[in-house]
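Some notes on the structure that comes next.
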Amino acid sequence: MVRGLVGWLRRDLNRALTAGAARTPLDPPGGALWLSTWAWSSLAVGLTLWLACGYHAGFAALNDAGALYPDWVWQWLTSIGGEGVPFVLCLFFARRYPRVFWALVLAGLVAVAFSRGLKPLFDAARPPAVLPPDSFNLIGPLHRRASFPSGHATTAAVFFGVLVYYVRWSELRVLLVLVAVLVGLSRVAVGVHWPVDVAVGFWGGALAAWIGARLAARRPALATDAAVHLALVTLCGFAAVGLILGDAEYAQARPLLQALGWAALGYGVLGYLVSPLLRGLAAPRLTR
């Protein structure tokens with residue numbers, strides 16, 4: 001009985017991954033164009049600010065504008081750009097869209113190399129290390145170093161960028177880009193990044209999303225490899241547990257992150273274990 005159920009779970013997952021991969025084209029129409037436009041537009045904005053007005057350009061105006069809204073809005077938005085959150089969100093669609101999930105994993109690796117590689121190379125000072133404490137709005141912890149580029153903006157561009165690459169509707173693509181932009185701007189609103197950091201983070205993240213999607217297209221079989229898929233999903237599950245049990249960097253975002261962790265973990269358990277087991281128990285050949 002137990003061995004039969006385990007075998008059923010394996011076959012059920014293989015069927016789901018095969019069907020899920022068939023839903024997603026390797027090279028969706030317009031995906032590369034959207035990402036390249038986003039990437040190079042972001043780089044143009046960053047270079048224009050930097051060359052025309054200096055590295056700190058635009059911070060005061062955006063930070064002052066952000067102060068008009070409640071702190072919790074920016075704390076929620078900025079928490080979405082945390083490195084673990086996108087992997088937790090993957091639990092909601094990894095089984096149904098394994099090719100998108102695989103592209104996100106590859107894009108994430110490229111983005112980590114980009115962000116973690118440039119931060120120590122430049123070691124730029126953040127606003128709290130440059131500006132007087134009472135001259136700008138600071139929300140949450142005080143960070144002083146490793147400002148360039150914004151890791152949260154990079155993460156947001158990677159996650160939403162991969163989704164932009166694969167979705168079919170222009171309206172949804174616009175919405176995803178807008179959410180990513182708000183996540184990036186939240187880093188200026190909470191007072192820990194310059195706009196140039198955010199723009200360059202978007203550039204690197206959008207490029208990483210495109211690279212991840214292209215690498216996934218070159219190795220499509222791994223998207224439907226059950227062992228690889230389960231290993232990655234398990235890591236996403238641990239990330240969800242981390243959101244539930246860990247301390248949030250921004251206190252007002254903690255309830256949101258905990259709710260997200262519980263929802264993603266529950267959805268993952270339901271999709272990968274409970275529902276397939278119920279189908280397996282109902283299959284006549286497993287009850288013999």
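Every chain in the structure tokens has a letter given in the order shown (A, B, ...), and although residue numbers restart at 1 in each chain, ligands are simply numbered from 1 in the order shown.
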Check which residues of segment 169-249 of chain A sit at most 7 Å from segment 32-42 of chain A using only C-alpha atoms, and return one row each with the closest pair of atoms and their distance in Å to one decimal, ordered by chain and rising number, as JSON lines.
```
{"residue": "A:Ala199", "atom": "CA", "partner": "A:Ser42", "partner_atom": "CA", "distance": 5.1}
{"residue": "A:Val200", "atom": "CA", "partner": "A:Ser42", "partner_atom": "CA", "distance": 6.5}
{"residue": "A:Phe202", "atom": "CA", "partner": "A:Ser42", "partner_atom": "CA", "distance": 6.1}
{"residue": "A:Trp203", "atom": "CA", "partner": "A:Ala39", "partner_atom": "CA", "distance": 4.2}
{"residue": "A:Ala206", "atom": "CA", "partner": "A:Ala39", "partner_atom": "CA", "distance": 5.2}
{"residue": "A:Leu207", "atom": "CA", "partner": "A:Ala39", "partner_atom": "CA", "distance": 6.1}
{"residue": "A:Trp210", "atom": "CA", "partner": "A:Leu35", "partner_atom": "CA", "distance": 6.5}
```
Please produce an output containing N, CA, C and O atoms for each residue in the selection, written as a CSV table (one decimal), in the first residue's frame.
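Saved the output as part14.csv:
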```csv
chain,number,residue,atom,x,y,z
A,199,ALA,N,17.8,51.9,-10.1
A,199,ALA,CA,17.8,51.8,-11.6
A,199,ALA,C,18.8,50.7,-12.1
A,199,ALA,O,18.4,49.9,-12.9
A,200,VAL,N,20.0,50.7,-11.5
A,200,VAL,CA,21.0,49.7,-12.0
A,200,VAL,C,20.6,48.3,-11.5
A,200,VAL,O,20.8,47.3,-12.2
A,202,PHE,N,17.4,47.3,-11.3
A,202,PHE,CA,16.5,46.9,-12.3
A,202,PHE,C,17.1,46.4,-13.5
A,202,PHE,O,16.7,45.4,-14.1
A,203,TRP,N,18.2,47.1,-14.0
A,203,TRP,CA,18.9,46.7,-15.2
A,203,TRP,C,19.5,45.3,-15.0
A,203,TRP,O,19.3,44.4,-15.9
A,206,ALA,N,16.6,42.6,-14.7
A,206,ALA,CA,15.9,42.3,-15.9
A,206,ALA,C,16.8,41.4,-16.9
A,206,ALA,O,16.3,40.5,-17.5
A,207,LEU,N,18.1,41.8,-16.9
A,207,LEU,CA,19.0,41.0,-17.7
A,207,LEU,C,19.1,39.6,-17.2
A,207,LEU,O,19.2,38.6,-17.9
A,210,TRP,N,16.2,37.5,-18.3
A,210,TRP,CA,16.3,37.1,-19.7
A,210,TRP,C,17.3,35.9,-19.8
A,210,TRP,O,17.0,34.9,-20.5
```
Exercise. Considering only C-alpha atoms, return as number ranges by chain whatever protein or nucleic-acid residues lie within 6 Å of segment 243-249 of chain A, sequence-local ones (same chain, fewer than 3 positions apart) excluded.
Key: A: 240, 254, 257-258, 261
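Contact shell of Ala226 of chain A at 8 Å (only C-alpha atoms; same-chain neighbours under 3 positions omitted): A:Arg10, A:Leu13, A:Asn14, A:Leu17, A:His229, A:Leu230.
Between Val192 of chain A and the residues A:Arg218, A:Arg126, A:Arg95, A:Arg116, the shortest atom-to-atom distance, using only C-alpha atoms, involves A:Arg126.
Non-sequential neighbours of Asn63 of chain A (distance at most 8 Å, separation of 6 or more positions within a chain, only C-alpha atoms) are Phe136, Asn137, Val188, Ala189, Val190 and Gly191 of chain A.
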Keeping only N, CA and C atoms, write the selected residues to a file as a short mmCIF file (atom, residue, chain, number, x, y, z; two decimals), in the first residue's frame.
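That gives us part.cif:
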```cif
data_model
loop_
_atom_site.label_atom_id
_atom_site.label_comp_id
_atom_site.auth_asym_id
_atom_site.auth_seq_id
_atom_site.Cartn_x
_atom_site.Cartn_y
_atom_site.Cartn_z
N PHE A 136 16.23 63.48 6.21
CA PHE A 136 15.48 62.58 5.32
C PHE A 136 14.66 61.61 6.17
N ASN A 137 13.77 60.91 5.50
CA ASN A 137 12.87 59.97 6.17
C ASN A 137 13.49 58.58 6.17
N VAL A 188 14.17 53.64 -1.75
CA VAL A 188 14.44 55.07 -1.59
C VAL A 188 13.52 55.63 -0.50
N ALA A 189 12.27 55.19 -0.49
CA ALA A 189 11.30 55.70 0.48
C ALA A 189 11.69 55.35 1.92
N VAL A 190 12.29 54.16 2.13
CA VAL A 190 12.70 53.80 3.49
C VAL A 190 14.07 54.38 3.83
N GLY A 191 14.72 55.02 2.86
CA GLY A 191 15.93 55.78 3.13
C GLY A 191 17.23 55.02 3.12
#
```
Self-check item: Separation of atom CA of Ala57 of chain A from atom CA of Phe159 of chain A, in Å and rounded to one decimal
Solution: 26.7 Å
Quiz item: Suppose you want the space between atom CA of Pro28 of chain A and atom CA of Leu260 of chain A; what is it in Å?
Solution: 29.2 Å
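In this structure, atom CA of Leu176 of chain A sits 22.5 Å away from atom CA of Pro70 of chain A.
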Quiz prompt | Expected answer as number ranges by chain: alpha helix (DSSP H) residues in segment 50-129 of chain A | solution = A: 50-53, 59-66, 71-80, 85-90, 98-122, 127-129
Exercise. Show which residues sit within 8 Å of segment 161-175 of chain A, as number ranges by chain. Count only C-alpha atoms, and ignore same-chain residues fewer than 2 positions away.
Key: A: 24-25, 28-32, 34-35, 100, 103-104, 107, 156-159, 177-179, 205-206, 209-210, 212-213
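The residue that comes closest to Pro149 of chain A, out of A:Ala125, A:Leu232, A:Leu278, A:Leu77 and on the basis of only C-alpha atoms, is A:Ala125.
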Practice problem: Fewer than 3 positions away in the same chain doesn't count, so skip those; otherwise give me all residues within 9 Å of segment 263-265 of chain A, counting only C-alpha atoms, as a PyMOL selection string. | Solution: chain A and resi 88-92+236-238+240-241+258-260+268-270
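Counting only C-alpha atoms, the residue from A:Pro195, A:Gly66, A:Gly204, A:Gly271 that sits nearest to Trp50 of chain A is A:Pro195.
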Exercise. Write out as JSON, numbers by chain which residues come within 8 Å of Glu83 of chain A when counting only C-alpha atoms, dropping same-chain ones fewer than 2 positions away.
Key: {"A": [81, 85, 86, 87, 152, 155]}
